[in-house]
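Trainee: This is the structure I want to talk about, given as structure tokens.
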Amino acid sequence: MNFGIGGVVSLVLYLGALLAVAEIARRAKRDTLPSDHFLADRSLGAFVLFLTLYATAYSGNSMLGYPGRAYRDGYSFIMATGFMMSIIVMFHVIVPRLRPIAVEHAFVTPGDYLRLRFAGPWARPLRLIVAVLMSLALANFLLAQLKAMGDVASVVTYGRVSYPAGVIGLAAVILIYETRGGMRAVAWTDAAQGIAMLLGLAALLGWLPSEAGGFTEITRAVAERRTSAVSVPTSTVCINWFSTIALMGLASVLYPQAIQRIFAAKSGRALKRSFSGMTFMPLVTTLVVTLIGVAAIARFDIANAVDTDEVVPMLLRDRGSAGGFSTSAALLIFLGALSADHVDRRLVPALIGVVAVSRSARTRGSG
Amino acid sequence: MSSRRQRRTVHSVCMVLIALLYVVSVPWCREQEAPLRIWLGMPDWVAVALLCYVGVAIVNAVAWVVTDVPDTVDESENSEPPQ
């Protein structure tokens, strides 16, 4: 990829902007309560809430992992558009019930709900188990995101920043700015990064079919290269397809970072409006990265399954080498993917889940 | 019928529609060996799935519009936390 000095400058400017946002967010703090830091004083309106939900749901995994999976599976990975949408459907089950209780009892973490709902000798071990399970589930995303950050930093700077330096450096910057700025810094940067990611994806989606002569030509080329990528899936795949939709819908609504945003909303009305918008986002994100992955079948021959995660970097390498606007569009996607799922977005809620356990244990001990 | 009850009815209908669209989106009954037919630039079974998901998005948005997300607990309805 030939981003070179431009990539280094963009990365430095981007990191500087993150730190500046953190400082502004720190000064915007109204008090030292946990709810002010972790929930932005429950002040997120519909627009910022929508964008922070978007940037939380669509991460480095979506930008780099999903196209790789679509490259391997072919068109049957259209199921991803369905399962990402099912998450917003399943929020109907918990949001209308959890929101009023969360407001009334001033919840900050998922652990607060467990403390309210369960009492008795098993309550504390239960909270601990939940915190550990949430941490384990989030560790998967954390590792994927660290890998994505190292990859992206290395690619954008044309190797001037090494993979390990990218992982450590970016994790450190993110840890600093989110520790100082809290949820306000997260939400504000999410808004900008969500827009950057959308613009970058739109540019890539516009470029791919125009270069290949349209989607029909892409599908024909994919069929010539690998028939199984376009053929009707087997009954086993169909069963997996449907069960994945159900499983993702049921499981993903319990991610602590998603629950946090239910607590952080300014009002129930803001939540409703955000979720109404979010239901369309798989069509402009998951579908797009799926089509990008499928289109890559006709362009690249990647033998190693692990290397399929490089599909988007390889496409952007082609596009970035064109220079000018193309480079800018590629950079937008990279920076969106880099930042759309910050380290602490996954890590901090898990950690504060543990904190909530110890806090409630202290409360119980003192009361 | 009260406005609240009407909204709940619409919400329930939306949920049923969404479930049906998800079932239809999966190509359960298509022959695996069928020749490639392209529709909307993609294999026809993919286009059907995509249209179903567009439908899910629209119906789900309607469902959110008619959903009540209160900021206070409705004591008359349920004073207990969700089970």
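Residue numbering restarts at 1 in every chain; chains get A, B, ... in the order shown in the structure tokens, and ligands count up from 1 in that same order.
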Would you return as a ChimeraX atom specification the members of chain B that DSSP assigns to strand (DSSP E or B) on this structure's backbone?

Mentor: /B:38-39,42-43

Trainee: What are the residues of chain B lining chain A at 9 Å or less? Count only C-alpha atoms, and put the answer as a PyMOL selection string.

Mentor: chain B and resi 15+18+22-23+25-36+38-43+45-46+49-50+52-54+56-58+60-65+67-74+80-83

Trainee: For the residues in the current selection, export C-alpha atoms as an mmCIF file, in the first residue's frame.

Mentor:
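So the final result, stored in result-v1.cif, reads:
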```cif
data_model
loop_
_atom_site.group_PDB
_atom_site.id
_atom_site.type_symbol
_atom_site.label_atom_id
_atom_site.label_comp_id
_atom_site.auth_asym_id
_atom_site.auth_seq_id
_atom_site.Cartn_x
_atom_site.Cartn_y
_atom_site.Cartn_z
ATOM 1 C CA MET B 15 -42.880 -9.230 15.244
ATOM 2 C CA ILE B 18 -40.309 -10.242 10.976
ATOM 3 C CA TYR B 22 -36.511 -14.450 8.447
ATOM 4 C CA VAL B 23 -37.887 -17.920 7.661
ATOM 5 C CA SER B 25 -34.995 -15.451 3.681
ATOM 6 C CA VAL B 26 -33.305 -18.857 3.997
ATOM 7 C CA PRO B 27 -33.348 -20.870 0.737
ATOM 8 C CA TRP B 28 -34.693 -24.050 2.381
ATOM 9 C CA CYS B 29 -36.469 -25.470 -0.641
ATOM 10 C CA ARG B 30 -34.133 -24.499 -3.462
ATOM 11 C CA GLU B 31 -32.363 -27.162 -5.495
ATOM 12 C CA GLN B 32 -28.666 -27.119 -4.925
ATOM 13 C CA GLU B 33 -27.883 -28.060 -8.494
ATOM 14 C CA ALA B 34 -30.110 -25.346 -9.992
ATOM 15 C CA PRO B 35 -28.395 -23.252 -12.689
ATOM 16 C CA LEU B 36 -27.232 -19.766 -11.753
ATOM 17 C CA ILE B 38 -28.944 -13.598 -11.689
ATOM 18 C CA TRP B 39 -31.400 -11.082 -10.323
ATOM 19 C CA LEU B 40 -30.490 -7.576 -9.140
ATOM 20 C CA GLY B 41 -26.875 -8.409 -9.986
ATOM 21 C CA MET B 42 -26.667 -11.397 -7.646
ATOM 22 C CA PRO B 43 -27.872 -15.021 -7.531
ATOM 23 C CA TRP B 45 -31.705 -16.774 -3.841
ATOM 24 C CA VAL B 46 -29.415 -14.020 -2.508
ATOM 25 C CA ALA B 49 -32.814 -13.002 1.106
ATOM 26 C CA LEU B 50 -31.775 -9.386 0.638
ATOM 27 C CA CYS B 52 -36.497 -10.101 3.016
ATOM 28 C CA TYR B 53 -33.912 -8.230 5.079
ATOM 29 C CA VAL B 54 -34.995 -4.918 3.586
ATOM 30 C CA VAL B 56 -37.275 -6.784 8.167
ATOM 31 C CA ALA B 57 -35.597 -3.373 8.444
ATOM 32 C CA ILE B 58 -38.756 -1.501 7.443
ATOM 33 C CA ASN B 60 -38.661 -3.350 12.590
ATOM 34 C CA ALA B 61 -38.449 0.439 12.228
ATOM 35 C CA VAL B 62 -42.259 0.586 12.381
ATOM 36 C CA ALA B 63 -42.182 -1.662 15.449
ATOM 37 C CA TRP B 64 -39.761 0.715 17.179
ATOM 38 C CA VAL B 65 -41.964 3.693 16.337
ATOM 39 C CA THR B 67 -42.947 0.763 21.013
ATOM 40 C CA ASP B 68 -43.230 2.556 24.337
ATOM 41 C CA VAL B 69 -39.855 3.040 26.012
ATOM 42 C CA PRO B 70 -40.852 4.759 29.260
ATOM 43 C CA ASP B 71 -38.419 6.553 31.543
ATOM 44 C CA THR B 72 -40.437 5.715 34.618
ATOM 45 C CA VAL B 73 -41.678 2.384 35.912
ATOM 46 C CA ASP B 74 -45.396 1.888 35.264
ATOM 47 C CA GLU B 80 -41.157 -6.154 39.424
ATOM 48 C CA PRO B 81 -37.917 -6.174 37.429
ATOM 49 C CA PRO B 82 -38.103 -8.195 34.183
ATOM 50 C CA GLN B 83 -37.758 -11.923 34.804
#
```

Trainee: Write out as a list in words the residues lying within 12 Å of Ala28 in chain A, counting only C-alpha atoms and excluding same-chain residues fewer than 4 positions away.

Mentor: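 Returned residues: Val21, Ala22, Glu23, Ile24, Thr32, Asp36, His37, Ala40, Asp41, Ser43, Arg180, Gly181, Gly182, Met183, Arg184, Ala185 and Trp188 of chain A.
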
Trainee: Can you write out the residues you just picked, keeping N, CA and C atoms, as a PDB file, in the first residue's frame?

Mentor:
```pdb
ATOM      1  N   VAL A  21     -10.115  15.622  21.767  1.00  0.00           N
ATOM      2  CA  VAL A  21     -11.503  15.325  22.150  1.00  0.00           C
ATOM      3  C   VAL A  21     -11.561  14.873  23.610  1.00  0.00           C
ATOM      4  N   ALA A  22     -10.576  14.076  24.006  1.00  0.00           N
ATOM      5  CA  ALA A  22     -10.547  13.596  25.394  1.00  0.00           C
ATOM      6  C   ALA A  22     -10.456  14.757  26.369  1.00  0.00           C
ATOM      7  N   GLU A  23      -9.635  15.752  26.000  1.00  0.00           N
ATOM      8  CA  GLU A  23      -9.454  16.891  26.886  1.00  0.00           C
ATOM      9  C   GLU A  23     -10.745  17.720  26.967  1.00  0.00           C
ATOM     10  N   ILE A  24     -11.383  17.922  25.805  1.00  0.00           N
ATOM     11  CA  ILE A  24     -12.654  18.670  25.800  1.00  0.00           C
ATOM     12  C   ILE A  24     -13.697  17.918  26.614  1.00  0.00           C
ATOM     13  N   THR A  32     -17.888  14.111  39.605  1.00  0.00           N
ATOM     14  CA  THR A  32     -16.974  12.961  39.625  1.00  0.00           C
ATOM     15  C   THR A  32     -17.713  11.637  39.824  1.00  0.00           C
ATOM     16  N   ASP A  36     -21.343  10.015  35.477  1.00  0.00           N
ATOM     17  CA  ASP A  36     -20.885  11.082  34.603  1.00  0.00           C
ATOM     18  C   ASP A  36     -19.773  10.573  33.685  1.00  0.00           C
ATOM     19  N   HIS A  37     -18.855   9.777  34.229  1.00  0.00           N
ATOM     20  CA  HIS A  37     -17.731   9.285  33.433  1.00  0.00           C
ATOM     21  C   HIS A  37     -18.171   8.179  32.476  1.00  0.00           C
ATOM     22  N   ALA A  40     -21.757   9.475  30.495  1.00  0.00           N
ATOM     23  CA  ALA A  40     -21.873  10.869  30.039  1.00  0.00           C
ATOM     24  C   ALA A  40     -23.053  11.575  30.713  1.00  0.00           C
ATOM     25  N   ASP A  41     -23.230  11.290  31.998  1.00  0.00           N
ATOM     26  CA  ASP A  41     -24.310  11.899  32.789  1.00  0.00           C
ATOM     27  C   ASP A  41     -25.693  11.604  32.190  1.00  0.00           C
ATOM     28  N   SER A  43     -26.775  11.679  29.160  1.00  0.00           N
ATOM     29  CA  SER A  43     -27.182  12.855  28.380  1.00  0.00           C
ATOM     30  C   SER A  43     -27.163  12.620  26.870  1.00  0.00           C
ATOM     31  N   ARG A 180      -9.462   9.596  30.344  1.00  0.00           N
ATOM     32  CA  ARG A 180      -9.656  11.011  30.673  1.00  0.00           C
ATOM     33  C   ARG A 180     -11.043  11.501  30.271  1.00  0.00           C
ATOM     34  N   GLY A 181     -11.494  11.100  29.092  1.00  0.00           N
ATOM     35  CA  GLY A 181     -12.728  11.671  28.564  1.00  0.00           C
ATOM     36  C   GLY A 181     -13.990  10.879  28.872  1.00  0.00           C
ATOM     37  N   GLY A 182     -13.843   9.600  29.235  1.00  0.00           N
ATOM     38  CA  GLY A 182     -15.010   8.776  29.554  1.00  0.00           C
ATOM     39  C   GLY A 182     -15.949   8.586  28.368  1.00  0.00           C
ATOM     40  N   MET A 183     -17.206   8.347  28.687  1.00  0.00           N
ATOM     41  CA  MET A 183     -18.201   8.054  27.652  1.00  0.00           C
ATOM     42  C   MET A 183     -18.415   9.224  26.688  1.00  0.00           C
ATOM     43  N   ARG A 184     -18.232  10.465  27.174  1.00  0.00           N
ATOM     44  CA  ARG A 184     -18.393  11.608  26.262  1.00  0.00           C
ATOM     45  C   ARG A 184     -17.377  11.528  25.125  1.00  0.00           C
ATOM     46  N   ALA A 185     -16.128  11.255  25.494  1.00  0.00           N
ATOM     47  CA  ALA A 185     -15.088  11.149  24.462  1.00  0.00           C
ATOM     48  C   ALA A 185     -15.411  10.007  23.508  1.00  0.00           C
ATOM     49  N   TRP A 188     -18.506  11.079  21.249  1.00  0.00           N
ATOM     50  CA  TRP A 188     -18.197  12.123  20.265  1.00  0.00           C
ATOM     51  C   TRP A 188     -17.302  11.593  19.154  1.00  0.00           C
TER      52      TRP A 188
END
```

Trainee: If you measure from CA of Gly45 in chain A to CA of Thr189 in chain A, what distance in Å do you get, rounded to one decimal?

Mentor: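 One can read the CA of Gly45 in chain A to CA of Thr189 in chain A distance as 14.7 Å.
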
Trainee: When DSSP works through the backbone of this structure, what residues of chain B end up as helix (DSSP H, G or I), shown as JSON, numbers by chain?

Mentor: {"B": [3, 4, 5, 6, 7, 8, 9, 10, 11, 12, 13, 14, 15, 16, 17, 18, 19, 20, 21, 22, 23, 24, 25, 44, 45, 46, 47, 48, 49, 50, 51, 52, 53, 54, 55, 56, 57, 58, 59, 60, 61, 62, 63, 64, 65, 66]}

Trainee: Take the residues that were just selected and, keeping C-alpha atoms, output them as an mmCIF file, in the first residue's frame.

Mentor:
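Output file result.cif follows:
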```cif
data_model
loop_
_atom_site.group_PDB
_atom_site.id
_atom_site.type_symbol
_atom_site.label_atom_id
_atom_site.label_comp_id
_atom_site.auth_asym_id
_atom_site.auth_seq_id
_atom_site.Cartn_x
_atom_site.Cartn_y
_atom_site.Cartn_z
ATOM 1 C CA SER B 3 -54.209 3.890 21.475
ATOM 2 C CA ARG B 4 -51.835 1.908 23.650
ATOM 3 C CA ARG B 5 -53.539 -1.358 22.825
ATOM 4 C CA GLN B 6 -53.507 -0.481 19.136
ATOM 5 C CA ARG B 7 -49.777 0.152 19.275
ATOM 6 C CA ARG B 8 -49.255 -3.180 21.002
ATOM 7 C CA THR B 9 -51.282 -4.953 18.338
ATOM 8 C CA VAL B 10 -49.251 -3.311 15.584
ATOM 9 C CA HIS B 11 -46.071 -4.255 17.444
ATOM 10 C CA SER B 12 -47.144 -7.900 17.713
ATOM 11 C CA VAL B 13 -48.052 -8.029 14.027
ATOM 12 C CA CYS B 14 -44.651 -6.561 13.188
ATOM 13 C CA MET B 15 -42.880 -9.230 15.244
ATOM 14 C CA VAL B 16 -44.787 -12.012 13.475
ATOM 15 C CA LEU B 17 -43.978 -10.474 10.075
ATOM 16 C CA ILE B 18 -40.309 -10.242 10.976
ATOM 17 C CA ALA B 19 -40.237 -13.913 12.003
ATOM 18 C CA LEU B 20 -41.878 -14.900 8.715
ATOM 19 C CA LEU B 21 -39.448 -12.802 6.685
ATOM 20 C CA TYR B 22 -36.511 -14.450 8.447
ATOM 21 C CA VAL B 23 -37.887 -17.920 7.661
ATOM 22 C CA VAL B 24 -38.461 -17.008 4.011
ATOM 23 C CA SER B 25 -34.995 -15.451 3.681
ATOM 24 C CA ASP B 44 -31.681 -15.023 -7.237
ATOM 25 C CA TRP B 45 -31.705 -16.774 -3.841
ATOM 26 C CA VAL B 46 -29.415 -14.020 -2.508
ATOM 27 C CA ALA B 47 -31.688 -11.327 -3.944
ATOM 28 C CA VAL B 48 -34.689 -12.943 -2.206
ATOM 29 C CA ALA B 49 -32.814 -13.002 1.106
ATOM 30 C CA LEU B 50 -31.775 -9.386 0.638
ATOM 31 C CA LEU B 51 -35.338 -8.257 -0.103
ATOM 32 C CA CYS B 52 -36.497 -10.101 3.016
ATOM 33 C CA TYR B 53 -33.912 -8.230 5.079
ATOM 34 C CA VAL B 54 -34.995 -4.918 3.586
ATOM 35 C CA GLY B 55 -38.512 -5.898 4.678
ATOM 36 C CA VAL B 56 -37.275 -6.784 8.167
ATOM 37 C CA ALA B 57 -35.597 -3.373 8.444
ATOM 38 C CA ILE B 58 -38.756 -1.501 7.443
ATOM 39 C CA VAL B 59 -41.079 -3.546 9.665
ATOM 40 C CA ASN B 60 -38.661 -3.350 12.590
ATOM 41 C CA ALA B 61 -38.449 0.439 12.228
ATOM 42 C CA VAL B 62 -42.259 0.586 12.381
ATOM 43 C CA ALA B 63 -42.182 -1.662 15.449
ATOM 44 C CA TRP B 64 -39.761 0.715 17.179
ATOM 45 C CA VAL B 65 -41.964 3.693 16.337
ATOM 46 C CA VAL B 66 -44.967 2.092 18.058
#
```

Trainee: So how far away is CA of Val186 in chain A from CA of Leu254 in chain A, in Å?

Mentor: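 One can read the CA of Leu254 in chain A to CA of Val186 in chain A distance as 19.7 Å.
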